[in-house]
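This report concerns only the one structure given below.
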Amino acid sequence: MTAAFDPSGLVALVADENIYQRSVTADMLRMMGLGRVLHAQSGPEAWELILENNPNCIFTDWLSEPLDGLALIKRIRQSEEAPNRAANIFMLTARGAKADVETARLVGADGFLRKPISVSAIQTRLRAVVTQPRHFVVTASYVGPCRRRRQDPFYTGPLRRLSDQVDDSALDEDDEVKNELVKARITYLESQAMKLAPGDLNAARRVFAAARALSDVATEIQDAPLMHASSELVRYLETLGATSSLDFEALRTHISALHQLVHLPNAMGQERMRVAQSLTKMVDKKLRQAQSAA
């Protein structure tokens, strides 16, 4: 069943140097029922609006220097100042060469839309990323939505990945069983975190192992918000280890958010992803503080 899509709480930003095209796109978004739609005619102006308003979704044209559309996407994804590195970003442009699409994808765009575009096309793409968010990846070389394509239900060729789903009902776990497994992993993680003390390397290793185990389960059941939240905890623990910079209050906050995620129904996909994405901002802040104190 497709998750409900209510765009009234979304804030959008349209960055386009062409005032006519900018207005057309903004009007389409308003027709869809988005709560607020912001305008920017350049990359620098768009960046300032992002810092001030923290939009949920961003539509940018290719734009010009000094901050073109690609550089803007990259800054949103990688800058420590970005209020939400996991915001939904679409490249909306008249360009449409395969190389352009791939370039936008490599810097972290959620999608590529070619002008002229219709209201229904924008709504379809926006609904997809909001109600069925992809796992958010944070690595040394790439920050953005997972670039692995969704499985095409009309593809009839061979399944080449070990993780590809096969048609075998014996492999399907009951939702309640999956939920109980996740709860057990979080409870175990919490029990190990309560034993953690500054400088205790063995205890820190147990907490890290518990976080990794939870992340593996989240990946196995393909729960995108839980995957995002658990991977952010792994990133935090892996970066700080058993050092004195490890913030126990931040760790407790993270675990509380994990409990919240597992108790929110899957139908509330947008709210669950908001909870998960808020952890990215917290982890980034804590890591900056640790780096400054070092």
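Every chain in the structure tokens has a letter given in the order shown (A, B, ...), and although residue numbers restart at 1 in each chain, ligands are simply numbered from 1 in the order shown.
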
Shell around Arg77 in chain A at 8 Å using only C-alpha atoms, local window under 6 positions removed, as a list in words: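 The residues that qualify are Arg85, Ala86, Gly108, Val143 and Gly144 of chain A.
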
Selection from above, C-alpha atoms, as a CSV table (one decimal), in the first residue's frame, can you write it?
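File part.csv, as written:
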```csv
chain,number,residue,atom,x,y,z
A,85,ARG,CA,22.0,17.3,4.6
A,86,ALA,CA,19.3,14.7,3.8
A,108,GLY,CA,23.9,13.6,-4.3
A,143,VAL,CA,27.1,11.9,0.8
A,144,GLY,CA,23.5,11.5,-0.4
```

Please identify the strand (DSSP E or B) residues within range 62-259 of chain A (assignment by DSSP from backbone atoms) and present them as a VMD selection string. chain A and resid 88 to 93 111 to 114 136 to 138 143 to 145

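Considering the residues A:Val129, A:Glu232, A:Gly241, A:Val138 and counting only C-alpha atoms, Ala197 in chain A has its shortest atom-to-atom contact with A:Gly241.
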
Which residues, written as number ranges by chain, have at least one atom at most 10 Å from Glu271 in chain A, with only C-alpha atoms counted and residues fewer than 6 positions away on the same chain left out? A: 130-131, 225, 261, 264-265, 277

Please measure the separation of CA of Ile19 in chain A and CA of Asp6 in chain A, giving the value in Å to one decimal.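 Separation of CA of Ile19 in chain A and CA of Asp6 in chain A: 27.6 Å.
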
Find the residues around Leu226 in chain A up to 12 Å (only C-alpha atoms counted), leave out those fewer than 5 positions away in its own chain, and share them as a PyMOL selection string. chain A and resi 133-136+179+182-183+185-186+211+214-221+231-233+254-255+257-264+266+269+272-277+279

Could you take the residues named above and write them with C-alpha atoms, as an mmCIF file, in the first residue's frame?
```
data_model
loop_
_atom_site.group_PDB
_atom_site.id
_atom_site.type_symbol
_atom_site.label_atom_id
_atom_site.label_comp_id
_atom_site.auth_asym_id
_atom_site.auth_seq_id
_atom_site.Cartn_x
_atom_site.Cartn_y
_atom_site.Cartn_z
ATOM 1 C CA PRO A 133 12.946 7.479 1.155
ATOM 2 C CA ARG A 134 16.146 5.768 0.138
ATOM 3 C CA HIS A 135 18.835 4.950 2.643
ATOM 4 C CA PHE A 136 21.020 8.038 3.224
ATOM 5 C CA ASN A 179 9.479 -5.765 14.824
ATOM 6 C CA VAL A 182 14.462 -4.879 16.075
ATOM 7 C CA LYS A 183 13.151 -4.153 19.571
ATOM 8 C CA ARG A 185 18.454 -5.342 19.218
ATOM 9 C CA ILE A 186 17.664 -1.871 20.535
ATOM 10 C CA ALA A 211 24.972 -0.701 16.978
ATOM 11 C CA LEU A 214 21.097 -3.226 14.725
ATOM 12 C CA SER A 215 22.219 -1.588 11.474
ATOM 13 C CA ASP A 216 22.553 -5.013 9.857
ATOM 14 C CA VAL A 217 19.015 -5.967 10.913
ATOM 15 C CA ALA A 218 17.632 -2.648 9.621
ATOM 16 C CA THR A 219 19.336 -3.275 6.274
ATOM 17 C CA GLU A 220 18.062 -6.836 6.151
ATOM 18 C CA ILE A 221 14.439 -5.785 6.614
ATOM 19 C CA SER A 231 24.111 4.026 10.522
ATOM 20 C CA GLU A 232 24.418 7.509 12.020
ATOM 21 C CA LEU A 233 24.982 5.954 15.459
ATOM 22 C CA HIS A 254 20.053 8.517 19.925
ATOM 23 C CA ILE A 255 18.789 5.345 21.578
ATOM 24 C CA ALA A 257 15.052 8.058 18.944
ATOM 25 C CA LEU A 258 15.577 4.419 17.942
ATOM 26 C CA HIS A 259 12.857 3.383 20.398
ATOM 27 C CA GLN A 260 10.588 6.044 18.901
ATOM 28 C CA LEU A 261 11.239 4.778 15.371
ATOM 29 C CA VAL A 262 10.378 1.191 16.197
ATOM 30 C CA HIS A 263 7.094 2.211 17.828
ATOM 31 C CA LEU A 264 5.943 4.545 15.032
ATOM 32 C CA ASN A 266 5.451 2.204 8.946
ATOM 33 C CA GLY A 269 7.038 7.073 6.823
ATOM 34 C CA ARG A 272 9.819 8.330 10.923
ATOM 35 C CA MET A 273 12.328 9.721 8.416
ATOM 36 C CA ARG A 274 12.199 13.145 10.097
ATOM 37 C CA VAL A 275 13.172 11.492 13.377
ATOM 38 C CA ALA A 276 16.012 9.629 11.666
ATOM 39 C CA GLN A 277 17.287 12.679 9.797
ATOM 40 C CA LEU A 279 20.040 12.410 14.238
#
```

Considering only C-alpha atoms, state which residue in the set A:Thr60, A:Thr93, A:Asn53, A:Ser245 is at the smallest distance from Lys286 in chain A. A:Ser245

Give the alpha helix (DSSP H) residues of range 104-140 of chain A, as assigned by DSSP on the backbone, as a count of residues only. 17

Would you mind telling me which residue in A:Glu180, A:Asp200, A:Pro145, A:Glu48 lies nearest to Met227 in chain A when using only C-alpha atoms?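 Among the listed residues, the smallest separation from Met227 in chain A belongs to A:Pro145.
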
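Among A:Ala15, A:Asn56, A:Trp62, A:Phe112, the residue with the shortest atom-to-atom distance to Gln41 in chain A, counting only C-alpha atoms, is A:Ala15.
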
Distance query Arg114 in chain A at most 9 Å, only C-alpha atoms, self and fewer than 5 positions along chain excluded, as a ChimeraX atom specification: /A:91-96

Write to file, as a PDB file, in the first residue's frame, the residues of the selection just made, with C-alpha atoms.
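Below you can see part16.pdb, which holds the result:
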```
ATOM      1  CA  MET A  91      17.936  18.946 -10.454  1.00  0.00           C
ATOM      2  CA  LEU A  92      15.249  20.649 -12.565  1.00  0.00           C
ATOM      3  CA  THR A  93      16.741  21.851 -15.846  1.00  0.00           C
ATOM      4  CA  ALA A  94      16.393  21.954 -19.614  1.00  0.00           C
ATOM      5  CA  ARG A  95      19.582  19.894 -19.878  1.00  0.00           C
ATOM      6  CA  GLY A  96      19.023  16.186 -20.223  1.00  0.00           C
TER       7      GLY A  96
END
```

Can you tell me, as a list in words, what residues are no more than 9 Å from Gly33 in chain A when counting only C-alpha atoms, ignoring any on the same chain fewer than 5 positions away? Asp6, Pro7, Ser8, Gly9, Leu10 and Met28 of chain A
